[in-house]
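Only one structure is covered here, and it is reproduced in the block below.
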There are 2 protein chains.
Amino acid sequence: MTPDLTIDDVREAARRVHPYVHRTPVLTCSALDRMCDKQLFFKCENFQKTGSFKIRGAINAVLALTDKAAHRGVVTHSSGNFAAALALAAGLRGIQAHVVMPSDVPQIKKTAVACYGAAITYCEPVLAARETGVAAVIERTGAAFIHPSNQREIIAGQGTAALELISAVPDLDGIVAPVGGGGLLGGIALAAQGAAPAIPVYGAEPEAADDAYRSVRAGYIIPSNDPDTIADGLLTSLGDVTFPIIQAYVRDIILTSEAEIVRSMRLVWERMKIIIEPSAAVSLAAVMALPRSFEGKRIGIVFSGGNADLNALPWQNPES
Amino acid sequence: MTPDLTIDDVREAARRVHPYVHRTPVLTCSALDRMCDKQLFFKCENFQKTGSFKIRGAINAVLALTDKAAHRGVVTHSSGNFAAALALAAGLRGIQAHVVMPSDVPQIKKTAVACYGAAITYCEPVLAARETGVAAVIERTGAAFIHPSNQREIIAGQGTAALELISAVPDLDGIVAPVGGGGLLGGIALAAQGAAPAIPVYGAEPEAADDAYRSVRAGYIIPSNDPDTIADGLLTSLGDVTFPIIQAYVRDIILTSEAEIVRSMRLVWERMKIIIEPSAAVSLAAVMALPRSFEGKRIGIVFSGGNADLNALPWQNPES
């Protein structure tokens, strides 16, 4: 089945979000190039507004609403980057964002989302409670539900990062992006398929949350079973909108160990002097694990976000 | 007394080092601008080769040597950024760098300097031992001594960062740079004095290592007495070459507390998603402490380096 979303949706999203998002830089690092025998081009969404790519999809989804739908606000469930992104996007349109998040989320994350102006509803930290919480907000307010990943406007919005990357570096031999719910990877695959079909797109996924890897091989969605990875932006499983796009347009999913993720994150901090979060490091970890046939190739890597917890760094060994 | 170094020395240094150093970006951050009611322009020497501005002066000094002097190598005393910079600079000219460093330096710093190809001589962690160590290396090898800050070619080389900043943002209302030994601040003041004399230059110094502040007020050099600050790149005192330049061309020295340094460093990591070391954060801390008359002004800030110790971050309070 060919997905009915196309690059035209991504291009429409690009026109819509363009005034509101940063055209983030594409950085290079000769030290990392030497370490992995490739030429790497890092699309730095860690420098994006709210600290991650999520703002692209959030703004596209909020601006795509009719006035009638929009005026009752928007609601989502998220404890992380999408909550902040939707709050900022709603603020830009002058409407209220509601966020349902588990009560056990660290205070620092609650404060960040509240600072962006969202109304927070807390729920028990289980999937069912989250859905009940969202339903209650919708019943009370009539807010429009925006899914963090499994929604057409979100996927198209995230794909705008790839349009920028391909425009900045047209002759790539591959693009690698992390996969959690699949909004980013799906959008990037859509954009590359339409704008530069010769560039294969790869997903990077933690072994400890390998639902995309298994789903693509099985041919149907296999949700993650209690995933536990330091890449806490990648805990979500693929959905019925993201899965067919990834099935159709993503060349492969590359798995990475927790140790490789931490090592890659630290390498970027040390060598590039920029802050990426663990979920972003998964892309570099995957590239490090690519087979020999990729030596010397030009690889685009999407650094998805920079909202690392500065109070709890994942490396412990003092002299490692 | 007017210093005999001029902007011509800085311009000559710029021609010399240009092929070998990065023209580092000048970044902005709207969140930090709002927090301090100014327009800030960050000259990001944390992205410079070897992770700090020190490579500018080191290359200038090494390339300024005659062939006869150079072939016996160079020697310095440093436990930090200048050691790595001189090692790389020497390597570019194909000569040996010797570094005298205290034996109690952390292994991670020893390894970094060794990786750049320097021959390391360890000494007792006291000033006298350092000087004896350097003298012994010179006697054995005939190496040319390069001081980390108090030397004409070093000062001129560090000033090239200001030429780039002023060229990128010509209409600044001020430039703030950290001061330790005064090589960077002196070079920047020289460059600004010559290229844009209307732009005042300020030094930023930790209260806990306030020799420049006291020396400028006294009119003679008052060395630091056992300074103890998290900004470990600023422990050195002014010297007889740097002091007259700073006396002549620096508008004022602004003192910052340890808490303000840590807070500024963390703000940059959180908001800008870039890694700066404590000594670089002193500049932003000083700008935060500027009087009301600076509101709305356009201030250039030199982020001097990014070699922070990722194993020992200076913030402890988990929810601060």
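Ordered as shown in the structure tokens, chains take letters A, B, and onward, while each chain numbers its residues from 1 and ligands are numbered from 1 in the order shown.
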Distance query A:Glu45 at most 7 Å, only C-alpha atoms, self and fewer than 3 positions along chain excluded, as an MDAnalysis selection string: chainID A and resid 24 48 52:53 303:305
Counting only C-alpha atoms, chain A residues within 7 Å of chain B, as an MDAnalysis selection string: chainID A and resid 46:47 108 273:275 306 311 318:319
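Near A:Ala112, within a cut-off of 10 Å and counting only C-alpha atoms, sit the residues Thr50, Gly80, Asn81, Ala83, Ala84, Gln107, Ile108, Lys109, Cys115, Tyr116, Gly117 and Ala118 of chain A, with same-chain residues fewer than 3 positions away left out.
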Residue list (alpha helix (DSSP H), DSSP) for stretch 56-221 of chain B, as a ChimeraX atom specification: /B:56-64,67-70,81-93,107-115,127-141,152-168,183-195,211-218
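If only C-alpha atoms are the atoms counted, then among A:Thr141, A:Pro291, A:Asp226, A:Lys54 the closest residue to A:Val126 is A:Asp226.
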Strand (DSSP E or B) positions in stretch 114-296 of chain B, given as a PyMOL selection string: chain B and resi 119-123+144-145+174-178+201-206+252-256+274
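Every protein, DNA or RNA residue with an atom at most 7 Å from A:Gln158, where only C-alpha atoms count and chain neighbours fewer than 5 positions away do not, is listed here: Phe53, Lys54, Arg56, Gly57, Gly183, Leu184, Gly187 and Ile188 of chain A.
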Export C-alpha atoms of the chosen residues as an mmCIF file, in the first residue's frame?
```cif
data_model
loop_
_atom_site.group_PDB
_atom_site.id
_atom_site.type_symbol
_atom_site.label_atom_id
_atom_site.label_comp_id
_atom_site.auth_asym_id
_atom_site.auth_seq_id
_atom_site.Cartn_x
_atom_site.Cartn_y
_atom_site.Cartn_z
ATOM 1 C CA PHE A 53 12.362 19.274 15.944
ATOM 2 C CA LYS A 54 8.914 18.763 17.520
ATOM 3 C CA ARG A 56 7.863 21.857 13.239
ATOM 4 C CA GLY A 57 5.025 19.349 13.391
ATOM 5 C CA GLY A 183 6.808 11.120 13.067
ATOM 6 C CA LEU A 184 10.314 12.394 12.392
ATOM 7 C CA GLY A 187 8.456 12.788 7.557
ATOM 8 C CA ILE A 188 12.107 12.622 6.585
#
```
Given only C-alpha atoms as the counted atoms, nearest of B:Ala168, B:Ala209, B:Ile55, B:Leu235 to B:His22: B:Ile55
